[in-house]
$ cat query14.cif   # mmCIF, C-alpha atoms and all ligand atoms
data_model
#
loop_
_atom_site.label_atom_id
_atom_site.label_comp_id
_atom_site.auth_asym_id
_atom_site.auth_seq_id
_atom_site.Cartn_x
_atom_site.Cartn_y
_atom_site.Cartn_z
CA MET A 74 -14.41 39.82 -11.52
CA SER A 75 -12.65 40.75 -14.78
CA PHE A 76 -9.43 38.97 -15.70
CA GLY A 77 -8.84 40.86 -18.94
CA PHE A 78 -9.56 37.80 -21.09
CA SER A 79 -12.57 35.59 -21.97
CA THR A 80 -13.48 33.15 -19.24
CA GLU A 81 -16.16 30.61 -18.46
CA THR A 82 -17.15 28.57 -15.43
CA VAL A 83 -16.72 24.80 -15.58
CA LYS A 84 -17.35 21.94 -13.17
CA GLU A 85 -14.80 19.25 -12.45
CA GLY A 86 -14.89 16.78 -9.58
CA LYS A 87 -16.69 18.51 -6.71
CA ILE A 88 -15.72 22.06 -7.65
CA LYS A 89 -16.64 24.90 -9.97
CA VAL A 90 -13.81 26.97 -11.43
CA VAL A 91 -13.35 29.93 -13.71
CA VAL A 92 -11.08 29.03 -16.63
CA PRO A 93 -10.09 30.72 -19.90
CA LYS A 94 -12.71 30.20 -22.58
CA LEU A 95 -10.59 27.97 -24.84
CA SER A 96 -12.82 28.36 -27.91
CA ALA A 97 -11.86 32.07 -27.96
CA TYR A 98 -8.20 31.15 -28.62
CA VAL A 99 -8.63 28.70 -31.48
CA LYS A 100 -7.86 30.52 -34.73
CA LYS A 101 -7.36 27.41 -36.89
CA PRO A 102 -8.23 23.73 -36.32
CA SER A 103 -4.59 22.79 -35.61
CA ASP A 104 -4.35 25.28 -32.72
CA TYR A 105 -3.82 23.64 -29.34
CA ALA A 106 -6.04 25.91 -27.25
CA PRO A 107 -4.63 25.23 -23.72
CA SER A 108 -1.24 26.66 -24.71
CA LYS A 109 -2.77 29.65 -26.56
CA ALA A 110 -4.89 30.85 -23.63
CA PRO A 111 -3.48 33.53 -21.27
CA VAL A 112 -3.76 31.01 -18.40
CA PHE A 113 -3.21 27.29 -18.90
CA TYR A 114 -6.28 25.06 -18.68
CA ASN A 115 -6.54 21.60 -20.23
CA PRO A 116 -9.93 19.88 -19.88
CA THR A 117 -8.54 16.63 -21.30
CA MET A 118 -6.36 16.17 -18.21
CA GLU A 119 -9.39 15.60 -15.98
CA GLN A 120 -8.52 11.92 -15.57
CA ASN A 121 -4.96 12.88 -14.57
CA ARG A 122 -6.35 15.22 -11.90
CA ASP A 123 -8.95 12.62 -10.75
CA LEU A 124 -6.20 10.05 -10.22
CA ALA A 125 -4.13 12.65 -8.34
CA VAL A 126 -7.07 13.22 -5.97
CA LEU A 127 -7.33 9.46 -5.38
CA ALA A 128 -3.57 8.99 -4.88
CA LEU A 129 -3.35 11.93 -2.47
CA GLN A 130 -6.33 10.64 -0.46
CA ALA A 131 -4.78 7.13 -0.29
CA HIS A 132 -1.46 8.67 0.82
CA GLN A 133 -3.17 10.83 3.48
CA LYS A 134 -5.01 7.80 4.87
CA LEU A 135 -1.78 5.79 5.01
CA LEU A 136 -0.11 8.63 6.92
CA GLY A 137 -3.17 8.92 9.18
CA ARG A 138 -2.74 12.63 9.88
CA GLU A 139 -3.30 16.05 8.35
CA VAL A 140 -1.15 16.75 5.30
CA SER A 141 0.26 19.79 3.53
CA VAL A 142 0.43 19.70 -0.25
CA CYS A 143 1.68 21.85 -3.08
CA GLU A 144 1.36 22.33 -6.79
CA PRO A 145 4.28 24.47 -7.99
CA LEU A 146 2.97 24.82 -11.59
CA THR A 147 -0.74 25.24 -11.02
CA GLY A 148 -2.21 26.98 -14.10
CA CYS A 149 -5.73 28.07 -13.10
CA GLY A 150 -5.51 26.30 -9.73
CA LEU A 151 -8.00 23.59 -10.65
CA ARG A 152 -5.92 20.64 -9.37
CA GLY A 153 -4.88 22.29 -6.13
CA VAL A 154 -8.36 23.59 -5.30
CA ARG A 155 -9.69 20.08 -5.92
CA PHE A 156 -7.17 18.77 -3.36
CA ALA A 157 -8.42 21.31 -0.80
CA VAL A 158 -12.09 20.51 -1.42
CA GLU A 159 -12.10 16.79 -2.26
CA VAL A 160 -9.33 15.25 -0.16
CA GLU A 161 -9.96 14.69 3.54
CA GLY A 162 -7.20 15.69 5.93
CA VAL A 163 -5.61 18.36 3.70
CA HIS A 164 -4.96 21.29 5.98
CA ARG A 165 -2.70 23.40 3.79
CA VAL A 166 -2.40 23.77 -0.03
CA PHE A 167 0.37 25.87 -1.59
CA LEU A 168 -0.24 26.83 -5.21
CA ASN A 169 2.22 28.63 -7.41
CA ASP A 170 2.66 29.69 -11.02
CA ILE A 171 5.18 31.95 -12.75
CA ASN A 172 2.37 33.54 -14.77
CA PRO A 173 0.80 36.40 -12.74
CA LYS A 174 -2.55 35.88 -14.51
CA SER A 175 -2.51 32.23 -13.37
CA ALA A 176 -1.82 33.19 -9.78
CA LYS A 177 -4.69 35.71 -9.85
CA LEU A 178 -7.11 33.17 -11.31
CA ALA A 179 -5.98 30.41 -8.91
CA ARG A 180 -6.54 32.76 -5.96
CA PHE A 181 -10.01 33.61 -7.30
CA ASN A 182 -10.84 29.90 -7.73
CA ALA A 183 -9.81 29.17 -4.13
CA GLU A 184 -12.19 31.93 -2.97
CA LEU A 185 -14.96 30.73 -5.28
CA ASN A 186 -14.77 27.33 -3.59
CA LYS A 187 -14.46 28.84 -0.09
CA VAL A 188 -11.08 27.30 0.68
CA GLU A 189 -9.00 30.51 0.65
CA ASP A 190 -8.20 30.03 4.36
CA ARG A 191 -6.31 26.80 3.51
CA VAL A 192 -4.98 27.70 0.06
CA GLU A 193 -2.02 30.05 -0.38
CA VAL A 194 -1.14 31.21 -3.89
CA THR A 195 2.26 32.60 -4.93
CA ASN A 196 3.68 33.89 -8.20
CA GLU A 197 7.31 32.92 -8.68
CA ASP A 198 9.56 30.40 -10.39
CA ALA A 199 8.67 26.84 -9.33
CA ASN A 200 12.24 26.04 -8.27
CA LEU A 201 12.40 29.12 -6.05
CA PHE A 202 9.03 28.22 -4.59
CA LEU A 203 10.06 24.60 -3.92
CA SER A 204 13.45 25.60 -2.52
CA ARG A 205 11.78 27.95 -0.04
CA ASN A 206 9.94 24.88 1.24
CA ALA A 207 13.03 22.66 1.28
CA ALA A 208 13.84 23.30 4.93
CA PRO A 209 12.96 21.43 8.12
CA LYS A 210 9.44 22.27 9.35
CA LYS A 211 8.57 23.77 5.94
CA ARG A 212 8.65 20.54 3.95
CA LEU A 213 5.47 19.08 2.51
CA ASP A 214 3.71 15.71 2.40
CA TYR A 215 2.79 15.82 -1.29
CA VAL A 216 4.26 17.68 -4.25
CA ASP A 217 2.54 17.55 -7.64
CA VAL A 218 4.77 18.55 -10.57
CA ASP A 219 2.62 18.90 -13.68
CA PRO A 220 4.57 20.96 -16.20
CA PHE A 221 4.72 21.38 -19.99
CA GLY A 222 7.14 18.71 -21.27
CA PRO A 223 9.62 17.10 -18.88
CA PRO A 224 9.39 17.43 -15.07
CA VAL A 225 13.19 17.04 -14.77
CA PRO A 226 13.99 20.77 -14.25
CA TYR A 227 11.85 20.71 -11.07
CA MET A 228 12.65 17.25 -9.74
CA ASP A 229 15.63 18.10 -7.58
CA SER A 230 13.90 20.91 -5.69
CA ALA A 231 10.67 18.86 -5.49
CA VAL A 232 12.51 15.98 -3.78
CA ARG A 233 14.15 18.42 -1.34
CA ALA A 234 10.75 19.98 -0.52
CA LEU A 235 9.29 16.62 0.59
CA ARG A 236 9.14 15.35 4.16
CA ASN A 237 10.44 11.88 4.92
CA GLY A 238 7.73 9.53 3.57
CA GLY A 239 6.26 12.25 1.33
CA LEU A 240 4.69 11.49 -2.04
CA LEU A 241 5.91 13.03 -5.29
CA ALA A 242 3.69 13.04 -8.40
CA LEU A 243 5.34 13.70 -11.77
CA THR A 244 3.78 14.24 -15.19
CA ALA A 245 5.95 13.99 -18.32
CA THR A 246 4.47 14.99 -21.67
CA ASP A 247 7.69 14.85 -23.72
CA MET A 248 6.92 11.44 -25.17
CA ALA A 249 9.09 11.84 -28.30
CA PRO A 250 12.37 11.79 -26.32
CA LEU A 251 11.11 9.22 -23.79
CA CYS A 252 9.83 6.84 -26.47
CA GLY A 253 13.03 6.95 -28.47
CA VAL A 254 12.12 9.33 -31.31
CA HIS A 255 14.75 11.77 -29.99
CA PRO A 256 17.17 9.51 -28.08
CA ARG A 257 19.83 12.17 -27.53
CA ALA A 258 17.28 14.47 -25.88
CA CYS A 259 16.24 11.59 -23.60
CA LEU A 260 19.84 10.90 -22.60
CA ARG A 261 20.40 14.59 -21.88
CA LYS A 262 17.25 15.05 -19.83
CA TYR A 263 16.71 11.69 -18.17
CA GLY A 264 20.24 10.23 -18.20
CA GLY A 265 19.11 7.04 -19.95
CA GLN A 266 18.89 5.56 -23.42
CA PRO A 267 15.31 4.98 -24.70
CA LEU A 268 14.34 2.37 -27.32
CA ARG A 269 11.58 2.44 -29.95
CA THR A 270 10.06 -0.88 -28.91
CA GLU A 271 6.38 -1.81 -28.63
CA TYR A 272 6.72 -1.29 -24.84
CA CYS A 273 8.32 2.16 -25.14
CA HIS A 274 5.68 3.70 -22.83
CA GLU A 275 6.76 1.38 -20.03
CA LEU A 276 10.38 2.29 -20.79
CA ALA A 277 9.32 5.95 -20.53
CA VAL A 278 7.98 5.38 -17.00
CA ARG A 279 11.16 3.48 -16.08
CA LEU A 280 13.41 6.22 -17.50
CA LEU A 281 11.49 8.88 -15.58
CA THR A 282 11.55 6.92 -12.29
CA GLY A 283 15.20 5.98 -12.89
CA CYS A 284 16.08 9.64 -13.31
CA LEU A 285 14.19 10.42 -10.08
CA THR A 286 16.03 7.61 -8.25
CA MET A 287 19.46 8.94 -9.20
CA MET A 288 18.48 12.53 -8.44
CA ALA A 289 17.09 11.63 -5.00
CA ALA A 290 20.13 9.46 -4.25
CA LYS A 291 22.37 12.55 -4.38
CA HIS A 292 20.50 13.80 -1.32
CA ALA A 293 20.69 10.36 0.38
CA ILE A 294 17.00 9.78 -0.33
CA GLY A 295 15.49 6.50 -1.53
CA VAL A 296 12.37 6.17 -3.67
CA ASP A 297 9.53 3.67 -3.92
CA VAL A 298 7.19 3.83 -6.91
CA LEU A 299 3.58 3.37 -5.76
CA PHE A 300 1.66 4.03 -8.94
CA SER A 301 2.24 5.01 -12.55
CA HIS A 302 0.21 5.19 -15.70
CA SER A 303 0.42 6.11 -19.34
CA VAL A 304 -2.41 7.85 -21.18
CA ASP A 305 -2.51 9.23 -24.71
CA HIS A 306 0.23 11.85 -24.75
CA TYR A 307 1.71 11.69 -21.27
CA ILE A 308 2.98 9.48 -18.46
CA ARG A 309 2.62 9.96 -14.75
CA ALA A 310 4.49 8.46 -11.79
CA TYR A 311 3.86 8.60 -8.03
CA ALA A 312 6.75 7.75 -5.72
CA THR A 313 7.36 8.11 -1.99
CA VAL A 314 10.72 9.29 -0.74
CA SER A 315 12.51 7.99 2.34
CA TYR A 316 15.49 9.61 3.94
CA GLY A 317 18.73 7.71 4.48
CA ALA A 318 21.85 6.71 2.53
CA ARG A 319 21.00 3.02 2.88
CA ARG A 320 17.53 3.60 1.44
CA ALA A 321 19.11 5.47 -1.47
CA ASP A 322 21.60 2.61 -2.03
CA LYS A 323 18.72 0.12 -2.02
CA SER A 324 16.90 2.16 -4.65
CA ILE A 325 20.03 2.35 -6.82
CA GLN A 326 20.21 -1.45 -6.66
CA GLN A 327 16.92 -1.48 -8.57
CA MET A 328 18.46 0.40 -11.48
CA GLY A 329 19.70 -1.38 -14.58
CA TYR A 330 19.08 -2.02 -18.27
CA ILE A 331 16.61 -3.77 -20.56
CA LEU A 332 18.23 -5.59 -23.47
CA HIS A 333 16.02 -6.03 -26.51
CA CYS A 334 16.36 -8.01 -29.74
CA PHE A 335 14.57 -6.35 -32.65
CA SER A 336 14.87 -9.60 -34.66
CA CYS A 337 13.10 -12.08 -32.42
CA PHE A 338 11.40 -10.05 -29.58
CA HIS A 339 13.74 -11.50 -26.95
CA ARG A 340 14.18 -9.17 -23.99
CA GLU A 341 15.98 -9.48 -20.67
CA THR A 342 16.87 -7.27 -17.72
CA VAL A 343 20.34 -6.57 -16.35
CA THR A 344 20.45 -5.30 -12.77
CA GLY A 345 23.13 -2.78 -11.81
CA ILE A 346 24.20 0.47 -13.43
CA ALA A 347 27.79 -0.67 -13.90
CA SER A 348 27.02 -4.19 -15.14
CA PRO A 349 28.53 -5.46 -18.39
CA LEU A 350 25.93 -5.73 -21.16
CA LYS A 351 25.55 -8.70 -23.49
CA GLN A 352 25.87 -7.72 -27.15
CA VAL A 353 24.36 -10.78 -28.85
CA CYS A 354 20.82 -12.18 -28.57
CA PRO A 355 20.98 -15.60 -26.85
CA SER A 356 17.90 -16.68 -28.78
CA CYS A 357 18.70 -15.77 -32.42
CA GLY A 358 22.26 -14.38 -32.47
CA ALA A 359 21.24 -10.90 -33.71
CA LYS A 360 22.63 -7.72 -32.13
CA LEU A 361 21.00 -6.69 -28.85
CA SER A 362 19.96 -3.09 -28.13
CA ALA A 363 20.00 -1.63 -24.62
CA ALA A 364 17.62 0.78 -22.87
CA GLY A 365 18.77 2.48 -19.69
CA PRO A 366 20.03 2.95 -17.13
CA LEU A 367 16.46 2.91 -15.87
CA TRP A 368 14.33 1.79 -12.92
CA LEU A 369 13.75 -1.99 -12.94
CA GLY A 370 11.76 -2.15 -9.70
CA ARG A 371 7.98 -2.24 -9.42
CA ILE A 372 6.21 0.65 -11.16
CA ALA A 373 3.01 0.13 -9.16
CA ASN A 374 2.14 -1.21 -5.73
CA LYS A 375 -0.87 -3.55 -5.53
CA ASN A 376 -1.94 -2.34 -2.11
CA PHE A 377 -1.75 1.32 -3.12
CA CYS A 378 -3.82 0.57 -6.27
CA SER A 379 -6.47 -1.13 -4.09
CA LEU A 380 -6.61 1.92 -1.85
CA MET A 381 -7.05 4.16 -4.91
CA GLU A 382 -9.82 1.86 -6.19
CA GLY A 383 -11.60 2.18 -2.85
CA GLU A 384 -11.33 5.96 -3.04
CA ALA A 385 -12.63 6.07 -6.63
CA GLU A 386 -15.94 4.37 -5.88
CA GLY A 387 -18.93 6.57 -5.16
CA ARG A 388 -17.18 9.92 -5.62
CA GLY A 389 -19.33 10.69 -8.64
CA LEU A 390 -16.30 11.14 -10.91
CA ARG A 391 -17.39 11.70 -14.52
CA GLN A 392 -14.85 9.10 -15.68
CA GLU A 393 -15.33 6.64 -12.80
CA LYS A 394 -15.73 3.59 -15.07
CA ARG A 395 -12.61 4.39 -17.10
CA ILE A 396 -10.63 5.11 -13.95
CA LEU A 397 -11.68 1.89 -12.22
CA LYS A 398 -10.77 -0.08 -15.33
CA MET A 399 -7.31 1.48 -15.43
CA LEU A 400 -6.73 0.95 -11.71
CA SER A 401 -7.69 -2.70 -12.03
CA LEU A 402 -5.32 -3.23 -14.98
CA VAL A 403 -2.43 -1.45 -13.26
CA LYS A 404 -3.03 -3.49 -10.10
CA ASN A 405 -3.10 -6.78 -12.01
CA GLU A 406 0.12 -6.09 -13.86
CA ALA A 407 1.94 -4.63 -10.82
CA GLU A 408 3.82 -7.85 -10.07
CA ALA A 409 4.03 -9.25 -13.58
CA PRO A 410 7.29 -9.43 -15.57
CA VAL A 411 9.04 -6.31 -16.85
CA THR A 412 8.08 -5.38 -20.48
CA TYR A 413 5.07 -6.49 -22.49
CA TYR A 414 4.33 -7.83 -25.99
CA ALA A 415 1.79 -6.36 -28.38
CA VAL A 416 -0.06 -9.08 -30.28
CA ASP A 417 -0.53 -6.92 -33.39
CA LYS A 418 3.19 -6.01 -33.49
CA VAL A 419 4.20 -9.69 -33.24
CA CYS A 420 1.78 -10.53 -36.07
CA ASP A 421 3.04 -7.63 -38.22
CA LYS A 422 6.58 -8.86 -37.91
CA LEU A 423 5.71 -12.51 -38.55
CA ASN A 424 3.19 -11.64 -41.23
CA LEU A 425 0.29 -13.36 -39.48
CA ARG A 426 -3.39 -12.67 -38.96
CA VAL A 427 -4.04 -11.21 -35.50
CA PRO A 428 -5.69 -13.74 -33.15
CA ALA A 429 -7.91 -12.63 -30.25
CA LEU A 430 -5.83 -11.41 -27.33
CA LYS A 431 -7.86 -13.50 -24.89
CA THR A 432 -7.00 -16.74 -26.69
CA VAL A 433 -3.29 -15.80 -26.66
CA LEU A 434 -3.47 -15.30 -22.89
CA ASP A 435 -5.46 -18.55 -22.40
CA ASN A 436 -2.98 -20.57 -24.43
CA LEU A 437 0.02 -19.14 -22.59
CA ARG A 438 -1.64 -19.91 -19.26
CA ASN A 439 -2.57 -23.43 -20.42
CA ALA A 440 1.09 -23.95 -21.28
CA GLY A 441 1.96 -23.09 -17.66
CA PHE A 442 3.02 -19.46 -18.06
CA GLN A 443 1.85 -16.31 -16.36
CA ALA A 444 -0.05 -13.99 -18.74
CA VAL A 445 -1.81 -10.73 -17.85
CA LEU A 446 -3.11 -7.69 -19.69
CA THR A 447 -1.41 -4.31 -19.43
CA HIS A 448 -2.95 -0.84 -19.18
CA PHE A 449 -0.13 0.46 -21.42
CA ASN A 450 -1.56 -1.08 -24.60
CA SER A 451 -5.02 -2.49 -25.30
CA ARG A 452 -3.38 -5.25 -27.39
CA GLY A 453 -0.55 -5.82 -24.94
CA PHE A 454 0.19 -8.58 -22.44
CA ARG A 455 2.90 -9.47 -19.96
CA THR A 456 4.17 -12.98 -19.66
CA ASP A 457 7.09 -14.95 -18.26
CA ALA A 458 7.08 -17.10 -21.41
CA PRO A 459 10.23 -16.66 -23.51
CA ALA A 460 9.87 -14.69 -26.76
CA ASN A 461 10.14 -17.84 -28.92
CA VAL A 462 7.21 -19.43 -27.04
CA VAL A 463 5.15 -16.24 -27.42
CA ALA A 464 5.84 -16.32 -31.17
CA GLU A 465 4.95 -20.05 -31.37
CA VAL A 466 1.66 -19.63 -29.49
CA ILE A 467 0.62 -16.69 -31.67
CA THR A 468 1.67 -18.47 -34.88
CA GLU A 469 -0.39 -21.54 -33.94
CA LEU A 470 -3.46 -19.46 -33.14
CA ALA A 471 -3.13 -17.41 -36.33
CA ALA A 472 -2.98 -20.64 -38.35
CA GLN A 473 -6.16 -21.94 -36.67
CA LYS A 474 -7.96 -18.72 -37.53
CA ALA A 475 -6.94 -18.87 -41.18
C1 LIG B 1 0.75 22.15 -17.77
S1 LIG B 1 0.44 23.67 -16.97
C2 LIG B 1 -0.17 23.22 -15.40
C3 LIG B 1 -1.53 22.59 -15.39
C4 LIG B 1 -2.08 22.31 -14.02
N1 LIG B 1 -1.15 21.56 -13.21
C5 LIG B 1 -3.42 21.57 -14.10
O1 LIG B 1 -3.55 20.42 -13.60
O2 LIG B 1 -4.37 22.14 -14.65
C6 LIG B 1 2.04 24.26 -16.61
C7 LIG B 1 2.07 25.59 -15.86
O3 LIG B 1 3.41 25.86 -15.49
C8 LIG B 1 3.60 27.27 -15.49
N2 LIG B 1 5.07 27.49 -15.53
C9 LIG B 1 5.92 27.35 -16.58
N3 LIG B 1 7.19 27.56 -16.17
C10 LIG B 1 7.15 27.81 -14.84
C11 LIG B 1 8.14 28.07 -13.86
N4 LIG B 1 9.43 28.11 -14.17
N5 LIG B 1 7.74 28.27 -12.59
C12 LIG B 1 6.42 28.22 -12.26
N6 LIG B 1 5.43 27.98 -13.14
C13 LIG B 1 5.80 27.77 -14.41
C14 LIG B 1 2.84 27.75 -16.68
O4 LIG B 1 2.50 29.12 -16.55
C15 LIG B 1 1.62 26.81 -16.65
O5 LIG B 1 0.54 27.41 -15.99
ZN ZN B 2 16.93 -12.38 -31.05
#
$ encode --input "query14.cif" --output "C-alpha cells" --more "lines below"
Ligand SMILES: C[S@@+](CC[C@H](N)C(=O)[O-])C[C@H]1O[C@@H](n2cnc3c(N)ncnc32)[C@H](O)[C@@H]1O
Ligand SMILES: [Zn+2]
Amino acid sequence: MSFGFSTETVKEGKIKVVVPKLSAYVKKPSDYAPSKAPVFYNPTMEQNRDLAVLALQAHQKLLGREVSVCEPLTGCGLRGVRFAVEVEGVHRVFLNDINPKSAKLARFNAELNKVEDRVEVTNEDANLFLSRNAAPKKRLDYVDVDPFGPPVPYMDSAVRALRNGGLLALTATDMAPLCGVHPRACLRKYGGQPLRTEYCHELAVRLLTGCLTMMAAKHAIGVDVLFSHSVDHYIRAYATVSYGARRADKSIQQMGYILHCFSCFHRETVTGIASPLKQVCPSCGAKLSAAGPLWLGRIANKNFCSLMEGEAEGRGLRQEKRILKMLSLVKNEAEAPVTYYAVDKVCDKLNLRVPALKTVLDNLRNAGFQAVLTHFNSRGFRTDAPANVVAEVITELAAQKA
C-alpha cells in the first residue's frame, strides 16, 4: 500500500509495523526525526511501550476479565496494536489520532498484524474521542495518554472515560517546566510549584500525579498511583481511579508540599493543601523553598511492580535486562522516604571527592538508617537519615578516600 511518504517495516515486541522512514526526514544532524515525519514514530520510546504492555497485562490479570483499552493519541498505532497482540484478555482496542495519515497507517498496522477485528481506529481530536467514551457502558478499563509535551489537556476527559477501577497511563515530556526551569509554566499547567533540586524528576512525577488527583477529585474520583518511572527526557505515571467522594477526599489528603533547604540539603514534607508552611530551615536557619502542592503518597506499589516483573520475564523483549533492572529499583524504593540525595551533588556542594555509592549506603545502614538506591538517578539514594547525618557520612568517607 502507498501512504504518500517513505516508509519501512520494523519489528517491536511481537509485532511488525509499517512506520515512516525517519532517515528520509533528517536534513541536518540537529533535526528530531519523529516530529518531522508525516506520521509520528519514535523508536527510542520502545521501553516506554514495553512497560505499558507489562502494566496493562498486570492490570488485566488483577481484574480477571476481558478489558477494553484505548490510545487517544496513537501515532502509527504501534502501542495499541502491541496491546491487541501481546496482552492477554484484551478484547477491544480503540485507537485515535487527529492526523488522518496516522489513522490510515494505524488501521493498516492493525490489519498487518491480523487484529483488525478487535482494533477500531478513528480520526478526531483526542478530547472528543475520550468524551464520546465517557458514558456508562462505553467507558474503558485502560487509557494510555502519550502526547507531545504535557498530558494535562487530555487528563480530564481521560479520567471521565475510565470505568471504576480503570488504569490511566500518562506520559509527560515537558521536563523543563516540571523540573523547575520554567516554574510559571509548571504552575499554569500542573497547578504546583516545581523546584530545581537534585530530586526534581521525582518532584515532576509528584506534580503530575498531584494534578491528576485534583482533576479527578472534581468528578468525585480518587486515584492510587501503582507505578511511575523517569527515563531520559520523559516521565510516566500509572494510576487507578476509584469512584466516590470519600475516595477522592482520601486522595486529596495525600496532597501537600516538600520544603527544601538549598543551603544544607534538609527536606521535609507537609501534608495538606491548606497547611501553613515553615519559612526557615530547622537545621541551618536558611530560607526554605517549597514545591507543591503535589502528591505525597506512594508513587509505586510493590505488589504491582512484582506483577510487572513476572510479566517481563520470558517475553523476549529486546530490553528485558534494562526493564527488569528498572522494575527492581522502582519496587525497592516504593516504600522508602520521599525525595532522594545524589552523592555527587552533595560532594559538589561540600567540595569533596565522591565516595562509592555502595559505601555511603553501607555506612548509613550501619548507623541504623534505611538506605536504598533509586531508579531516578544512578548516583541517588533514599534514606531516613537527616540531611546533616548524610553530609557527615559522606564527608567521613571522602576523607578516608583522600
Ligand atoms: C507522541 S505522539 C504518539 C506516539 C504513540 N503514542 C506511540 O507510542 O508511538 C503524539 C500523537 O498525538 C497526535 N495528536 C496531537 N494532537 C492531537 C489531538 N488534539 N487529538 C488527537 N491526536 C493528537 C499527533 O498527531 C501524534 O501522532
Ligand atoms: Zn538548611
$ closest_residue --input "query14.cif" --among "A:Val343, A:Ala312, A:Leu146, A:Leu299" --to "Lys404 of chain A" --atoms "only C-alpha atoms"
A:Leu299
$ residues_near_point --input "query14.cif" --point "(10.6, 3.7, -6.3)" --cutoff "9 Å" --atoms "all atoms listed in the file" --output "compact mmCIF listing (two decimals) with C-alpha atoms, in the frame of the given file"
# COMPACT_ATOMS: atom_id res chain seq x y z
CA THR A 282 11.55 6.92 -12.29
CA GLY A 283 15.20 5.98 -12.89
CA LEU A 285 14.19 10.42 -10.08
CA THR A 286 16.03 7.61 -8.25
CA GLY A 295 15.49 6.50 -1.53
CA VAL A 296 12.37 6.17 -3.67
CA ASP A 297 9.53 3.67 -3.92
CA VAL A 298 7.19 3.83 -6.91
CA LEU A 299 3.58 3.37 -5.76
CA TYR A 311 3.86 8.60 -8.03
CA ALA A 312 6.75 7.75 -5.72
CA THR A 313 7.36 8.11 -1.99
CA VAL A 314 10.72 9.29 -0.74
CA SER A 324 16.90 2.16 -4.65
CA GLN A 327 16.92 -1.48 -8.57
CA TRP A 368 14.33 1.79 -12.92
CA GLY A 370 11.76 -2.15 -9.70
CA ARG A 371 7.98 -2.24 -9.42
CA ILE A 372 6.21 0.65 -11.16
CA ALA A 373 3.01 0.13 -9.16
$ residues_near_ligand --input "query14.cif" --ligand "ligand ZN 2 (chain B)" --cutoff "9 Å" --atoms "all atoms listed in the file" --output "PyMOL selection string"
chain A and resi 333-340+353-361+460-461
$ closest_atom_pairs --input "query14.cif" --of "chain A" --to "ligand LIG 1 (chain B)" --cutoff "8 Å" --atoms "all atoms listed in the file" --output "Markdown table"
| residue | atom | partner | partner_atom | distance |
| --- | --- | --- | --- | --- |
| A:Val112 | CA | B:LIG1 | O5 | 6.1 |
| A:Phe113 | CA | B:LIG1 | O5 | 4.7 |
| A:Tyr114 | CA | B:LIG1 | O2 | 5.3 |
| A:Asn115 | CA | B:LIG1 | O2 | 6.0 |
| A:Pro116 | CA | B:LIG1 | O2 | 8.0 |
| A:Met118 | CA | B:LIG1 | O1 | 6.9 |
| A:Glu119 | CA | B:LIG1 | O1 | 7.9 |
| A:Asn121 | CA | B:LIG1 | O1 | 7.7 |
| A:Arg122 | CA | B:LIG1 | O1 | 6.1 |
| A:Glu144 | CA | B:LIG1 | N1 | 6.9 |
| A:Pro145 | CA | B:LIG1 | C12 | 6.1 |
| A:Leu146 | CA | B:LIG1 | O3 | 4.1 |
| A:Thr147 | CA | B:LIG1 | N1 | 4.3 |
| A:Gly148 | CA | B:LIG1 | O5 | 3.4 |
| A:Cys149 | CA | B:LIG1 | O2 | 6.3 |
| A:Gly150 | CA | B:LIG1 | O2 | 6.5 |
| A:Leu151 | CA | B:LIG1 | O2 | 5.6 |
| A:Arg152 | CA | B:LIG1 | O1 | 4.9 |
| A:Gly153 | CA | B:LIG1 | O1 | 7.8 |
| A:Asn169 | CA | B:LIG1 | C12 | 6.4 |
| A:Asp170 | CA | B:LIG1 | N6 | 3.9 |
| A:Ile171 | CA | B:LIG1 | C12 | 4.0 |
| A:Asn172 | CA | B:LIG1 | O4 | 4.8 |
| A:Ser175 | CA | B:LIG1 | O5 | 6.3 |
| A:Asn196 | CA | B:LIG1 | C12 | 7.5 |
| A:Glu197 | CA | B:LIG1 | C12 | 6.0 |
| A:Asp198 | CA | B:LIG1 | N5 | 3.6 |
| A:Ala199 | CA | B:LIG1 | N5 | 3.7 |
| A:Asn200 | CA | B:LIG1 | N5 | 6.6 |
| A:Asp217 | CA | B:LIG1 | N1 | 7.8 |
| A:Val218 | CA | B:LIG1 | N1 | 7.1 |
| A:Asp219 | CA | B:LIG1 | N1 | 4.6 |
| A:Pro220 | CA | B:LIG1 | C6 | 4.2 |
| A:Phe221 | CA | B:LIG1 | C1 | 4.6 |
$ atom_distance --input "query14.cif" --atom1 "atom CA of Val163 of chain A" --atom2 "atom CA of Tyr227 of chain A"
23.0 Å
$ build_atoms --input "query14.cif" --residues "segment 93-98 of chain A" --atoms "N, CA, C and O atoms" --output "CSV table (one decimal), in the coordinates of the input"
chain,number,residue,atom,x,y,z
A,93,PRO,N,-10.0,30.0,-18.6
A,93,PRO,CA,-10.1,30.7,-19.9
A,93,PRO,C,-11.1,30.0,-20.9
A,93,PRO,O,-11.1,28.8,-20.9
A,94,LYS,N,-11.8,30.8,-21.6
A,94,LYS,CA,-12.7,30.2,-22.6
A,94,LYS,C,-11.9,29.8,-23.8
A,94,LYS,O,-11.5,30.6,-24.6
A,95,LEU,N,-11.6,28.5,-23.8
A,95,LEU,CA,-10.6,28.0,-24.8
A,95,LEU,C,-11.0,28.2,-26.3
A,95,LEU,O,-10.2,28.5,-27.1
A,96,SER,N,-12.4,28.2,-26.5
A,96,SER,CA,-12.8,28.4,-27.9
A,96,SER,C,-12.4,29.7,-28.4
A,96,SER,O,-12.3,29.9,-29.6
A,97,ALA,N,-12.2,30.7,-27.5
A,97,ALA,CA,-11.9,32.1,-28.0
A,97,ALA,C,-10.4,32.1,-28.5
A,97,ALA,O,-10.0,33.1,-29.1
A,98,TYR,N,-9.6,31.1,-28.2
A,98,TYR,CA,-8.2,31.2,-28.6
A,98,TYR,C,-7.8,30.2,-29.8
A,98,TYR,O,-6.7,30.0,-30.1
